[in-house]
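To be precise, the following lines are data-v5.tsv, and they hold TSV, C-alpha atoms.
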```
chain	number	residue	atom	x	y	z
A	1	MET	CA	-3.54	-28.66	28.67
A	2	GLU	CA	-2.12	-25.14	29.03
A	3	ASP	CA	-2.16	-24.57	25.26
A	4	LEU	CA	-5.76	-25.80	25.03
A	5	LEU	CA	-6.97	-23.52	27.81
A	6	ARG	CA	-5.23	-20.48	26.31
A	7	THR	CA	-6.79	-21.24	22.94
A	8	LEU	CA	-10.24	-21.63	24.47
A	9	ALA	CA	-10.02	-18.63	26.82
A	10	PRO	CA	-11.00	-15.87	24.33
A	11	GLN	CA	-13.64	-18.08	22.73
A	12	VAL	CA	-15.30	-18.78	26.07
A	13	LEU	CA	-15.08	-15.19	27.30
A	14	GLY	CA	-16.43	-13.86	24.03
A	15	ALA	CA	-19.35	-16.28	24.12
A	16	VAL	CA	-20.24	-15.45	27.72
A	17	VAL	CA	-19.96	-11.67	27.24
A	18	ARG	CA	-21.99	-11.79	24.04
A	19	ARG	CA	-24.77	-13.73	25.73
A	20	TYR	CA	-24.85	-12.15	29.19
A	21	GLY	CA	-22.92	-8.87	28.97
A	22	HIS	CA	-21.07	-7.64	32.09
A	23	PHE	CA	-17.55	-7.85	30.67
A	24	ASP	CA	-15.81	-7.23	34.01
A	25	SER	CA	-17.75	-9.90	35.90
A	26	ALA	CA	-17.70	-12.31	32.96
A	27	GLU	CA	-13.91	-12.06	32.74
A	28	ASP	CA	-13.61	-13.00	36.43
A	29	ALA	CA	-16.03	-15.89	35.93
A	30	VAL	CA	-14.09	-17.25	32.95
A	31	GLN	CA	-10.82	-17.07	34.87
A	32	GLU	CA	-12.40	-19.16	37.62
A	33	ALA	CA	-13.67	-21.65	35.03
A	34	LEU	CA	-10.17	-21.94	33.56
A	35	LEU	CA	-8.76	-22.52	37.03
A	36	ALA	CA	-11.37	-25.21	37.68
A	37	ALA	CA	-10.47	-26.90	34.39
A	38	ALA	CA	-6.74	-26.80	35.16
A	39	THR	CA	-7.48	-28.46	38.50
A	40	ARG	CA	-10.10	-31.01	37.49
A	41	TRP	CA	-9.31	-32.10	33.94
A	42	PRO	CA	-5.95	-33.72	34.73
A	43	ALA	CA	-7.66	-35.87	37.37
A	44	GLU	CA	-11.05	-36.45	35.75
A	45	GLY	CA	-10.06	-36.47	32.09
A	46	LEU	CA	-10.86	-34.08	29.27
A	47	PRO	CA	-14.64	-33.57	28.77
A	48	ASN	CA	-16.19	-34.41	25.43
A	49	HIS	CA	-16.82	-30.73	24.70
A	50	PRO	CA	-14.18	-28.65	26.56
A	51	ARG	CA	-15.45	-25.31	25.26
A	52	GLY	CA	-19.03	-26.07	26.27
A	53	TRP	CA	-17.84	-27.26	29.67
A	54	LEU	CA	-15.99	-24.01	30.27
A	55	ILE	CA	-18.92	-21.90	29.08
A	56	ALA	CA	-21.30	-23.74	31.40
A	57	VAL	CA	-19.03	-23.37	34.44
A	58	ALA	CA	-18.32	-19.70	33.65
A	59	ALA	CA	-22.03	-18.97	33.15
A	60	ARG	CA	-22.89	-20.53	36.53
A	61	ARG	CA	-20.16	-18.54	38.24
A	62	LEU	CA	-21.27	-15.36	36.49
A	63	THR	CA	-24.80	-15.93	37.71
A	64	ASP	CA	-23.49	-16.25	41.25
A	65	LEU	CA	-21.51	-13.05	40.92
A	66	LEU	CA	-24.47	-11.12	39.53
A	67	ARG	CA	-26.79	-12.37	42.23
A	68	ALA	CA	-24.37	-11.05	44.81
A	69	GLU	CA	-24.80	-7.53	43.47
A	70	GLN	CA	-27.55	-5.65	45.23
A	71	ALA	CA	-28.32	-3.51	42.20
A	72	ARG	CA	-28.61	-6.39	39.74
A	73	ARG	CA	-32.42	-6.49	39.56
A	74	ARG	CA	-32.68	-2.73	39.16
A	75	ARG	CA	-30.25	-2.72	36.23
A	76	GLU	CA	-32.01	-5.63	34.56
A	77	ASP	CA	-35.35	-3.86	34.87
A	78	GLU	CA	-33.90	-0.68	33.39
A	79	VAL	CA	-32.41	-2.58	30.46
A	80	ALA	CA	-35.65	-4.50	29.90
A	81	ARG	CA	-37.66	-1.28	29.74
A	82	ALA	CA	-35.16	0.26	27.30
A	83	LEU	CA	-35.12	-2.67	24.86
A	84	PRO	CA	-37.89	-3.60	22.44
A	85	ALA	CA	-39.36	-7.03	22.97
A	86	ASP	CA	-37.55	-8.50	19.97
A	87	GLY	CA	-34.21	-7.40	21.47
A	88	TRP	CA	-34.52	-9.44	24.65
A	89	LEU	CA	-33.20	-12.65	23.16
A	90	ALA	CA	-29.60	-13.31	22.10
A	91	ALA	CA	-28.01	-16.23	20.33
A	92	PRO	CA	-26.99	-19.14	22.56
A	93	ALA	CA	-23.64	-18.70	24.28
A	94	ASP	CA	-22.31	-21.93	22.83
A	95	ARG	CA	-23.02	-21.16	19.17
A	96	ARG	CA	-20.02	-22.14	17.11
A	97	ASP	CA	-18.58	-18.84	15.92
A	98	PRO	CA	-15.62	-18.40	18.27
A	99	ASP	CA	-13.59	-16.55	15.65
A	100	ASP	CA	-15.95	-13.56	15.56
A	101	ASP	CA	-16.01	-13.41	19.36
A	102	SER	CA	-12.22	-13.53	19.62
A	103	LEU	CA	-11.85	-10.59	17.24
A	104	VAL	CA	-14.49	-8.55	19.08
A	105	LEU	CA	-12.73	-9.36	22.34
A	106	LEU	CA	-9.40	-8.10	20.97
A	107	PHE	CA	-11.09	-4.86	19.92
A	108	LEU	CA	-12.69	-4.51	23.35
A	109	CYS	CA	-9.42	-5.04	25.24
A	110	CYS	CA	-7.75	-2.37	23.08
A	111	HIS	CA	-10.47	0.21	23.73
A	112	PRO	CA	-9.21	3.77	23.10
A	113	ALA	CA	-10.34	4.80	26.61
A	114	LEU	CA	-7.54	2.64	28.04
A	115	PRO	CA	-3.86	3.61	28.25
A	116	PRO	CA	-1.45	1.28	26.41
A	117	ALA	CA	-0.28	-0.44	29.62
A	118	ALA	CA	-3.87	-1.34	30.50
A	119	GLN	CA	-4.60	-2.51	26.94
A	120	ILE	CA	-1.61	-4.85	27.10
A	121	ALA	CA	-2.51	-6.22	30.53
A	122	LEU	CA	-6.15	-6.80	29.63
A	123	THR	CA	-5.27	-8.43	26.29
A	124	LEU	CA	-2.86	-10.86	27.94
A	125	ARG	CA	-5.40	-11.79	30.60
A	126	ALA	CA	-8.67	-11.85	28.66
A	127	VAL	CA	-7.46	-13.02	25.22
A	128	GLY	CA	-4.19	-14.68	26.16
A	129	GLY	CA	-5.68	-16.52	29.12
A	130	LEU	CA	-2.81	-15.56	31.45
A	131	SER	CA	-3.53	-15.19	35.14
A	132	THR	CA	-3.04	-11.84	36.84
A	133	ALA	CA	0.07	-13.22	38.52
A	134	GLU	CA	1.52	-14.26	35.15
A	135	VAL	CA	0.84	-10.84	33.63
A	136	ALA	CA	2.42	-9.18	36.67
A	137	ARG	CA	5.55	-11.32	36.35
A	138	ALA	CA	5.75	-10.51	32.64
A	139	PHE	CA	6.02	-6.78	33.40
A	140	LEU	CA	7.96	-7.05	36.65
A	141	VAL	CA	5.32	-5.43	38.86
A	142	PRO	CA	3.66	-6.76	42.04
A	143	GLU	CA	0.54	-8.83	41.52
A	144	ALA	CA	-1.49	-6.32	43.56
A	145	THR	CA	-0.43	-3.54	41.20
A	146	MET	CA	-1.45	-5.54	38.15
A	147	THR	CA	-4.76	-6.47	39.81
A	148	ARG	CA	-5.58	-2.79	40.27
A	149	ARG	CA	-4.52	-2.02	36.70
A	150	ILE	CA	-6.75	-4.73	35.24
A	151	THR	CA	-9.65	-3.82	37.52
A	152	ARG	CA	-9.48	-0.17	36.48
A	153	ALA	CA	-9.31	-1.21	32.81
A	154	LYS	CA	-12.46	-3.33	33.12
A	155	GLN	CA	-14.25	-0.52	34.95
A	156	ARG	CA	-13.38	1.92	32.18
A	157	ILE	CA	-14.77	-0.42	29.56
A	158	ARG	CA	-17.93	-0.90	31.61
A	159	ASP	CA	-18.36	2.85	32.16
A	160	SER	CA	-17.82	3.55	28.45
A	161	GLY	CA	-20.97	1.61	27.62
A	162	THR	CA	-19.26	0.00	24.63
A	163	PRO	CA	-21.41	-2.88	23.33
A	164	PHE	CA	-19.92	-6.30	22.70
A	165	ALA	CA	-19.99	-5.93	18.94
A	166	PRO	CA	-17.45	-5.31	16.17
A	167	PRO	CA	-16.63	-1.61	15.76
A	168	THR	CA	-17.58	-0.04	12.46
A	169	GLY	CA	-16.41	2.78	10.22
A	170	ALA	CA	-13.54	4.95	11.35
A	171	ASP	CA	-13.70	3.49	14.85
A	172	ARG	CA	-12.87	0.05	13.46
A	173	HIS	CA	-9.74	1.38	11.75
A	174	THR	CA	-8.58	3.15	14.92
A	175	ARG	CA	-9.24	0.14	17.10
A	176	LEU	CA	-7.45	-2.20	14.68
A	177	ASP	CA	-4.42	0.09	14.80
A	178	ALA	CA	-4.51	-0.22	18.59
A	179	VAL	CA	-4.80	-4.02	18.46
A	180	ARG	CA	-1.78	-4.31	16.16
A	181	HIS	CA	0.21	-1.88	18.30
A	182	VAL	CA	-0.55	-3.77	21.52
A	183	LEU	CA	0.56	-7.07	20.00
A	184	TYR	CA	3.70	-5.35	18.67
A	185	LEU	CA	4.50	-3.98	22.15
A	186	ILE	CA	4.01	-7.37	23.78
A	187	PHE	CA	6.39	-8.96	21.29
A	188	ASN	CA	9.02	-6.25	21.67
A	189	GLU	CA	9.01	-6.50	25.45
A	190	GLY	CA	9.56	-10.24	25.10
A	191	TYR	CA	12.28	-10.05	22.46
A	192	ALA	CA	14.26	-7.19	24.02
A	193	SER	CA	13.19	-6.77	27.64
A	194	THR	CA	13.52	-3.21	28.83
A	195	ALA	CA	14.27	-4.26	32.43
A	196	GLY	CA	15.08	-7.29	34.50
A	197	PRO	CA	17.63	-10.12	34.56
A	198	ARG	CA	16.94	-11.63	31.12
A	199	LEU	CA	17.43	-10.42	27.57
A	200	ARG	CA	14.43	-12.33	26.23
A	201	ARG	CA	11.02	-13.28	27.57
A	202	VAL	CA	10.13	-16.27	25.41
A	203	ASP	CA	6.72	-16.52	27.07
A	204	LEU	CA	5.82	-13.05	25.81
A	205	THR	CA	7.17	-13.49	22.28
A	206	THR	CA	5.39	-16.83	21.99
A	207	GLU	CA	2.11	-15.34	23.20
A	208	ALA	CA	2.42	-12.33	20.90
A	209	ILE	CA	2.99	-14.59	17.89
A	210	ARG	CA	0.06	-16.83	18.90
A	211	LEU	CA	-2.31	-13.87	19.25
A	212	THR	CA	-1.09	-12.34	15.98
A	213	ARG	CA	-1.67	-15.65	14.21
A	214	LEU	CA	-5.21	-15.53	15.59
A	215	LEU	CA	-5.67	-11.98	14.30
A	216	HIS	CA	-4.26	-12.96	10.90
A	217	ARG	CA	-6.65	-15.89	10.70
A	218	LEU	CA	-9.55	-13.56	11.48
A	219	LEU	CA	-8.37	-10.81	9.09
A	220	PRO	CA	-6.34	-12.59	6.38
A	221	ASP	CA	-6.78	-9.73	3.89
A	222	ASP	CA	-5.36	-7.00	6.14
A	223	PRO	CA	-1.85	-6.33	4.79
A	224	GLU	CA	-0.55	-4.78	8.02
A	225	VAL	CA	-1.70	-7.74	10.11
A	226	THR	CA	0.15	-9.97	7.66
A	227	GLY	CA	3.19	-7.70	7.87
A	228	LEU	CA	3.10	-7.74	11.67
A	229	LEU	CA	3.04	-11.54	11.78
A	230	ALA	CA	5.89	-11.70	9.26
A	231	LEU	CA	7.91	-9.20	11.30
A	232	MET	CA	7.50	-11.23	14.48
A	233	LEU	CA	8.44	-14.51	12.81
A	234	LEU	CA	11.50	-13.06	11.05
A	235	THR	CA	12.72	-11.34	14.21
A	236	ASP	CA	12.01	-14.21	16.57
A	237	ALA	CA	13.83	-16.58	14.20
A	238	ARG	CA	17.13	-15.07	15.40
A	239	GLY	CA	16.26	-15.52	19.07
A	240	PRO	CA	18.26	-18.71	19.78
A	241	ALA	CA	21.48	-17.13	18.50
A	242	ARG	CA	20.93	-13.79	20.21
A	243	VAL	CA	21.66	-15.09	23.71
A	244	GLY	CA	24.96	-16.76	24.61
A	245	PRO	CA	25.40	-19.78	26.92
A	246	GLY	CA	25.75	-17.51	29.94
A	247	GLY	CA	22.71	-15.40	29.08
A	248	GLU	CA	24.86	-12.70	27.50
A	249	LEU	CA	23.82	-10.60	24.50
A	250	VAL	CA	25.26	-11.68	21.16
A	251	PRO	CA	24.95	-8.88	18.54
A	252	MET	CA	23.64	-9.84	15.11
A	253	ALA	CA	27.04	-9.41	13.45
A	254	GLU	CA	28.49	-12.10	15.73
A	255	GLN	CA	25.59	-14.55	15.78
A	256	ASP	CA	25.83	-18.13	14.55
A	257	ARG	CA	23.29	-17.92	11.74
A	258	SER	CA	23.01	-21.68	11.53
A	259	ARG	CA	21.00	-21.40	14.76
A	260	TRP	CA	18.42	-19.10	13.18
A	261	ARG	CA	15.08	-20.86	12.66
A	262	ALA	CA	14.88	-21.51	8.94
A	263	ASP	CA	11.21	-22.51	9.02
A	264	GLN	CA	10.19	-19.19	10.59
A	265	ILE	CA	12.33	-17.26	8.11
A	266	ALA	CA	10.72	-19.06	5.18
A	267	GLU	CA	7.21	-18.42	6.54
A	268	GLY	CA	7.95	-14.77	7.29
A	269	VAL	CA	9.48	-14.13	3.86
A	270	ALA	CA	6.48	-15.78	2.17
A	271	LEU	CA	4.05	-13.64	4.17
A	272	VAL	CA	5.71	-10.31	3.48
A	273	SER	CA	6.28	-11.24	-0.16
A	274	SER	CA	2.55	-11.89	-0.51
A	275	VAL	CA	1.49	-8.40	0.62
A	276	LEU	CA	4.20	-6.00	-0.56
A	277	PRO	CA	3.20	-6.24	-4.26
A	278	ARG	CA	-0.32	-5.05	-3.39
A	279	GLY	CA	0.99	-1.50	-2.98
A	280	ASP	CA	-0.81	-0.65	0.28
A	281	VAL	CA	2.45	-0.63	2.23
A	282	GLY	CA	2.47	0.24	5.93
A	283	PRO	CA	5.09	0.32	8.70
A	284	TYR	CA	4.78	-3.31	9.76
A	285	GLN	CA	5.27	-4.54	6.20
A	286	LEU	CA	8.34	-2.32	5.79
A	287	GLN	CA	9.84	-3.52	9.07
A	288	ALA	CA	9.19	-7.10	7.99
A	289	ALA	CA	10.93	-6.43	4.67
A	290	ILE	CA	13.96	-5.07	6.53
A	291	ALA	CA	14.01	-8.12	8.78
A	292	ALA	CA	13.82	-10.36	5.71
A	293	VAL	CA	16.87	-8.70	4.13
A	294	HIS	CA	18.83	-9.35	7.33
A	295	ASP	CA	17.64	-12.94	7.63
A	296	GLU	CA	18.34	-13.87	4.03
A	297	ALA	CA	21.99	-12.73	4.19
A	298	ALA	CA	24.37	-15.65	4.63
A	299	ASP	CA	26.63	-13.52	6.84
A	300	VAL	CA	26.97	-9.91	7.91
A	301	GLU	CA	29.32	-9.08	5.03
A	302	GLN	CA	26.66	-10.10	2.50
A	303	THR	CA	23.92	-7.95	4.06
A	304	ASP	CA	22.37	-5.64	1.46
A	305	TRP	CA	22.79	-2.40	3.44
A	306	PRO	CA	21.78	-0.06	0.57
A	307	GLN	CA	18.45	-1.88	0.34
A	308	ILE	CA	18.00	-1.68	4.13
A	309	GLU	CA	18.81	2.04	4.02
A	310	ALA	CA	16.21	2.56	1.30
A	311	LEU	CA	13.56	0.62	3.23
A	312	TYR	CA	14.24	2.64	6.37
A	313	GLY	CA	13.90	5.80	4.28
A	314	LEU	CA	10.43	4.66	3.21
A	315	LEU	CA	9.58	3.71	6.78
A	316	MET	CA	10.50	7.17	8.04
A	317	ARG	CA	7.92	8.66	5.67
A	318	VAL	CA	5.08	6.74	7.33
A	319	SER	CA	6.32	6.49	10.92
A	320	ASP	CA	7.34	9.37	13.19
A	321	ASN	CA	9.41	7.15	15.45
A	322	PRO	CA	12.87	8.09	16.77
A	323	VAL	CA	13.93	4.43	16.93
A	324	VAL	CA	13.24	4.15	13.20
A	325	ALA	CA	15.36	7.26	12.62
A	326	LEU	CA	18.14	5.77	14.75
A	327	ASN	CA	18.10	2.50	12.81
A	328	HIS	CA	18.09	4.47	9.57
A	329	ALA	CA	21.23	6.29	10.74
A	330	VAL	CA	22.97	2.97	11.44
A	331	ALA	CA	21.96	1.66	8.01
A	332	VAL	CA	23.31	4.82	6.39
A	333	ALA	CA	26.59	4.32	8.25
A	334	MET	CA	26.86	0.73	7.07
A	335	ALA	CA	26.01	1.68	3.48
A	336	ARG	CA	27.87	5.00	3.14
A	337	GLY	CA	30.33	5.22	6.03
A	338	ALA	CA	30.27	5.98	9.75
A	339	PRO	CA	30.52	9.82	9.46
A	340	ALA	CA	27.27	9.97	7.50
A	341	GLY	CA	25.48	7.91	10.15
A	342	LEU	CA	26.95	9.89	13.06
A	343	ALA	CA	25.74	13.13	11.51
A	344	LEU	CA	22.20	11.76	11.48
A	345	LEU	CA	22.49	10.61	15.10
A	346	ASP	CA	23.46	14.16	16.10
A	347	GLY	CA	20.05	15.31	14.92
A	348	LEU	CA	18.30	12.89	17.30
A	349	ALA	CA	20.01	14.13	20.46
A	350	ALA	CA	17.29	16.70	21.13
A	351	ASP	CA	14.37	14.25	20.75
A	352	PRO	CA	13.04	13.68	24.30
A	353	ARG	CA	11.55	10.33	23.31
A	354	ILE	CA	15.01	8.83	22.90
A	355	ALA	CA	17.54	11.29	24.32
A	356	ASP	CA	17.61	9.82	27.85
A	357	GLY	CA	17.56	6.11	27.01
A	358	PRO	CA	20.39	3.69	26.20
A	359	ARG	CA	19.65	3.28	22.47
A	360	LEU	CA	21.15	6.52	21.23
A	361	PRO	CA	24.54	6.33	23.04
A	362	ALA	CA	24.78	2.60	22.19
A	363	ALA	CA	24.30	3.34	18.49
A	364	ARG	CA	26.73	6.23	18.70
A	365	ALA	CA	29.31	3.99	20.40
A	366	HIS	CA	28.97	1.38	17.66
A	367	LEU	CA	29.47	3.93	14.90
A	368	LEU	CA	32.34	5.66	16.69
A	369	GLU	CA	34.09	2.30	17.03
A	370	PHE	CA	33.39	1.67	13.34
A	371	ALA	CA	34.87	5.11	12.54
A	372	GLY	CA	38.11	4.35	14.41
A	373	GLU	CA	37.50	6.55	17.46
A	374	PRO	CA	37.93	4.04	20.33
A	375	ALA	CA	38.15	6.51	23.24
A	376	ALA	CA	34.93	8.28	22.26
A	377	ALA	CA	33.27	4.90	21.62
A	378	ARG	CA	34.26	3.68	25.08
A	379	ALA	CA	32.69	6.73	26.74
A	380	ALA	CA	29.48	6.26	24.73
A	381	TYR	CA	29.28	2.54	25.62
A	382	GLU	CA	29.66	3.42	29.31
A	383	GLN	CA	26.94	6.06	29.04
A	384	ALA	CA	24.59	3.56	27.39
A	385	ALA	CA	25.29	0.96	30.08
A	386	GLN	CA	24.49	3.46	32.83
A	387	ARG	CA	21.13	4.19	31.24
A	388	SER	CA	20.11	0.58	30.63
A	389	MET	CA	17.71	-1.18	33.03
A	390	ASN	CA	18.37	-4.64	31.57
A	391	LEU	CA	21.18	-6.48	33.33
A	392	PRO	CA	22.53	-8.59	30.40
A	393	GLN	CA	22.47	-5.51	28.20
A	394	GLN	CA	24.39	-3.57	30.85
A	395	ARG	CA	27.03	-6.29	31.05
A	396	TYR	CA	27.37	-6.38	27.26
A	397	LEU	CA	27.80	-2.60	27.02
A	398	TYR	CA	30.35	-2.46	29.84
A	399	ALA	CA	32.24	-5.36	28.23
A	400	ARG	CA	32.35	-3.52	24.91
A	401	ALA	CA	33.67	-0.44	26.69
A	402	ALA	CA	36.36	-2.45	28.51
A	403	ARG	CA	37.73	-3.72	25.21
A	404	LEU	CA	38.56	-0.19	24.07
A	405	PRO	CA	41.27	2.17	25.32
A	406	GLY	CA	40.21	5.13	27.42
A	407	PRO	CA	41.22	8.76	26.92
A	408	ASP	CA	44.91	9.56	27.16
```
Show how you would write the structure in this file as structure tokens.
Amino acid sequence: MEDLLRTLAPQVLGAVVRRYGHFDSAEDAVQEALLAAATRWPAEGLPNHPRGWLIAVAARRLTDLLRAEQARRRREDEVARALPADGWLAAPADRRDPDDDSLVLLFLCCHPALPPAAQIALTLRAVGGLSTAEVARAFLVPEATMTRRITRAKQRIRDSGTPFAPPTGADRHTRLDAVRHVLYLIFNEGYASTAGPRLRRVDLTTEAIRLTRLLHRLLPDDPEVTGLLALMLLTDARGPARVGPGGELVPMAEQDRSRWRADQIAEGVALVSSVLPRGDVGPYQLQAAIAAVHDEAADVEQTDWPQIEALYGLLMRVSDNPVVALNHAVAVAMARGAPAGLALLDGLAADPRIADGPRLPAARAHLLEFAGEPAAARAAYEQAAQRSMNLPQQRYLYARAARLPGPD
């Protein structure tokens, strides 16, 4: 039931917005229709046409909401005067083209007028079908805070006057970049939570993969969408081995690779292999290729580090991202020795985007331990732990530090 409602949510919302407009009110109406379905369908049985049922209920609720607005008639009159007579009619809300509506809805939720946090929240609620409470729990904020964030996002879209239609030209390219980036951020927050008591948020990684599959189905010829889906599958395949029985972090070098999901690895490798030969290589394809090299190695000793170093070098040419530079430094260390990697890390210390977080000292600690400098590695592990907001990650970093001798 839950899977069905989440699949239908963007189709229903897209149909209602396309037919009636009023994205902010329509989104509220669809959420109420989904709630009604979750309450009534288990008791009354699934209707013959679930999508049509939801559209009908949402349309009735939207009508109620619009009637409650004192200015409704004035706005309708103004719109009627502005439109030619042949523009008054729209296609029926239940026409069977949900794919187009879902893509338009993704573009709308990732409107450039919205900050990334609002794009993520609105995408999870409107396209993912999550309730406000579920979105709030996903990002560890109070429900009231998330309600305000989503409300402001819908108001911005309404005030922008953006029509419910696919963007064109340069705007389409920009908006597609935003859609891919939002899905990437949702997945990353699920796979490596930045805060809270758990290392992984399986609900977020699952939803990110589901939405990216939807985007790939709508845009099968976009190489970066294909690369993004491959990256998620190849990374998520390691998830079961990344967390120990007590919820502790297990680094890749120590993971039981028999627990990696072979079906996801095979699908991810096939996807990235299908787009790389085209030549139009972007950052998501390169990250997927790196993930594939890791996943195809039987053990850490057989990892092709020179190839990973080369791929990160290419990635740095197309992505000004300090995390990419950090990972490149680690790959250099594994391919050419720890001193070479440490020298590259020194150059990142002044980058404000990464200087104050746990990633840089954690990477430095790893390479210092690899270089045979245990006291310096211990201090770096402790520094990384102090900067981390994720409890399992903190415990892992402090445990690594405790294994090493301190300064004399």
Practice problem: Using CA of Phe187 in chain A and CA of Arg317 in chain A as the two end points, give the distance in Å to one decimal. | Solution: 23.6 Å
Please report as CSV every residue of range 206-295 of chain A lying within 9 Å of range 127-141 of chain A, along with the nearest atom pair and their distance in Å (one decimal), using only C-alpha atoms.
```
residue,atom,partner,partner_atom,distance
A:Glu207,CA,A:Gly128,CA,7.0
A:Ala208,CA,A:Gly128,CA,8.8
A:Arg210,CA,A:Gly128,CA,8.7
A:Leu211,CA,A:Gly128,CA,7.2
```
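Residues with any atom within 9 Å of Arg158 in chain A, counting all atoms listed in the file and excluding same-chain neighbours fewer than 5 positions away, are His22, Phe23, Asp24 and Ala153 of chain A.
The space separating CA of Pro116 in chain A from CA of Leu54 in chain A comes to 29.4 Å.
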Quiz prompt | All residues 12 Å or closer to Leu348 in chain A, all atoms listed in the file, same chain fewer than 4 positions away omitted, as a PyMOL selection string | solution = chain A and resi 321-329+341-344+352-357+359-361+363-364
Hey, could you make a per-residue contact list for range 258-277 of chain A against range 297-302 of chain A with 12 Å as the cut-off, showing the nearest pair of atoms and its distance in Å to one decimal, counting only C-alpha atoms, sorted by chain and number, as a tab-separated table?
```
residue	atom	partner	partner_atom	distance
A:Ser258	CA	A:Ala298	CA	9.3
A:Trp260	CA	A:Ala298	CA	11.0
A:Ala262	CA	A:Ala298	CA	12.0
A:Ile265	CA	A:Ala297	CA	11.4
```
Residue contacts of range 213-220 of chain A (10 Å, all atoms listed in the file) excluding same-chain residues fewer than 5 positions away, as a PDB file with C-alpha atoms, in the coordinates of the input:
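The result, stored in out04.pdb:
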```pdb
ATOM      1  CA  THR A   7      -6.790 -21.240  22.940  1.00  0.00           C
ATOM      2  CA  ASP A  99     -13.590 -16.550  15.650  1.00  0.00           C
ATOM      3  CA  ASP A 100     -15.950 -13.560  15.560  1.00  0.00           C
ATOM      4  CA  SER A 102     -12.220 -13.530  19.620  1.00  0.00           C
ATOM      5  CA  LEU A 103     -11.850 -10.590  17.240  1.00  0.00           C
ATOM      6  CA  LEU A 106      -9.400  -8.100  20.970  1.00  0.00           C
ATOM      7  CA  LEU A 176      -7.450  -2.200  14.680  1.00  0.00           C
ATOM      8  CA  VAL A 179      -4.800  -4.020  18.460  1.00  0.00           C
ATOM      9  CA  ARG A 180      -1.780  -4.310  16.160  1.00  0.00           C
ATOM     10  CA  LEU A 183       0.560  -7.070  20.000  1.00  0.00           C
ATOM     11  CA  GLU A 207       2.110 -15.340  23.200  1.00  0.00           C
ATOM     12  CA  ALA A 208       2.420 -12.330  20.900  1.00  0.00           C
ATOM     13  CA  VAL A 225      -1.700  -7.740  10.110  1.00  0.00           C
ATOM     14  CA  THR A 226       0.150  -9.970   7.660  1.00  0.00           C
ATOM     15  CA  GLY A 227       3.190  -7.700   7.870  1.00  0.00           C
ATOM     16  CA  LEU A 228       3.100  -7.740  11.670  1.00  0.00           C
ATOM     17  CA  LEU A 229       3.040 -11.540  11.780  1.00  0.00           C
ATOM     18  CA  ALA A 230       5.890 -11.700   9.260  1.00  0.00           C
TER      19      ALA A 230
END
```
Practice problem: Using all atoms listed in the file, determine which residues lie at most 10 Å from range 1-4 of chain A, disregarding the query and same-chain residues fewer than 3 positions distant; provide the list as a PyMOL selection string. | Solution: chain A and resi 7-9+34+37-38+41-42+46+50-51+129-130
Quiz item: Between A:Gly14, A:Pro223, A:Ala253, A:Asp295, which is the closest to Asp236 in chain A once you count all atoms listed in the file?
Solution: A:Asp295
Quiz item: Using only C-alpha atoms, which of the listed residues (A:Leu122, A:Leu404, A:Thr235, A:Val243) sits closest to Pro374 in chain A?
Solution: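 Among the listed residues, the smallest separation from Pro374 in chain A belongs to A:Leu404.
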Practice problem: For CA of Arg395 in chain A and CA of Pro245 in chain A, quote the distance in Å rounded to one decimal. | Solution: 14.2 Å
Quiz item: Between A:Leu249, A:Met232, A:Ala335, A:Ala340, which has the minimum distance to Ala288 in chain A (counting all atoms listed in the file)?
Solution: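 Using all atoms listed in the file, Ala288 in chain A sits closest to A:Met232.
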Exercise. Write out as a list in words each polymer residue whose atoms come within 9 Å of range 277-280 of chain A, counting only C-alpha atoms; drop sequence neighbours fewer than 3 positions from it.
Key: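 Selected residues are Pro223, Glu224, Ser273 and Ser274 of chain A.
Take the candidates A:Gly406, A:Pro240, A:Pro392, A:Pro142 and check each one against Pro197 in chain A using all atoms listed in the file; the shortest distance goes to A:Pro392.
Between Asp177 in chain A and the candidates A:Arg156, A:Arg149, A:His111, A:Arg261, the tightest atom-to-atom separation, counting all atoms listed in the file, involves A:His111.
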Practice problem: With only C-alpha atoms counted, which protein, DNA or RNA residues have an atom no more than 9 Å from (19.9, 0.4, 5.0) in the file frame? Please answer as an MDAnalysis selection string. | Solution: chainID A and resid 290 304:313 327:335
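Shortest atom-to-atom contact with Ala26 in chain A among A:Ala58, A:Arg6, A:Leu315, A:Thr39: A:Ala58, counting all atoms listed in the file.
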Grab all the atoms of range 312-324 of chain A that the file lists, wrap them in a box along x, y and z, add 5 Å per side, and give me centre plus edge lengths in Å (one decimal) as JSON.
```
{"center_x": 9.7, "center_y": 6.0, "center_z": 10.1, "size_x": 19.2, "size_y": 16.7, "size_z": 23.7}
```
Complete range 386-390 of chain A at the level of N, CA and C atoms, written as a PDB file, keeping the file's coordinate frame.
```pdb
ATOM      1  N   GLN A 386      25.041   2.792  31.650  1.00  0.00           N
ATOM      2  CA  GLN A 386      24.490   3.460  32.830  1.00  0.00           C
ATOM      3  C   GLN A 386      22.999   3.740  32.692  1.00  0.00           C
ATOM      4  N   ARG A 387      22.542   3.883  31.468  1.00  0.00           N
ATOM      5  CA  ARG A 387      21.130   4.190  31.240  1.00  0.00           C
ATOM      6  C   ARG A 387      20.264   2.938  31.092  1.00  0.00           C
ATOM      7  N   SER A 388      20.878   1.799  30.865  1.00  0.00           N
ATOM      8  CA  SER A 388      20.110   0.580  30.630  1.00  0.00           C
ATOM      9  C   SER A 388      19.560   0.010  31.936  1.00  0.00           C
ATOM     10  N   MET A 389      18.334  -0.532  31.876  1.00  0.00           N
ATOM     11  CA  MET A 389      17.710  -1.180  33.030  1.00  0.00           C
ATOM     12  C   MET A 389      17.725  -2.702  32.897  1.00  0.00           C
ATOM     13  N   ASN A 390      18.306  -3.203  31.801  1.00  0.00           N
ATOM     14  CA  ASN A 390      18.370  -4.640  31.570  1.00  0.00           C
ATOM     15  C   ASN A 390      19.779  -5.128  31.907  1.00  0.00           C
TER      16      ASN A 390
END
```
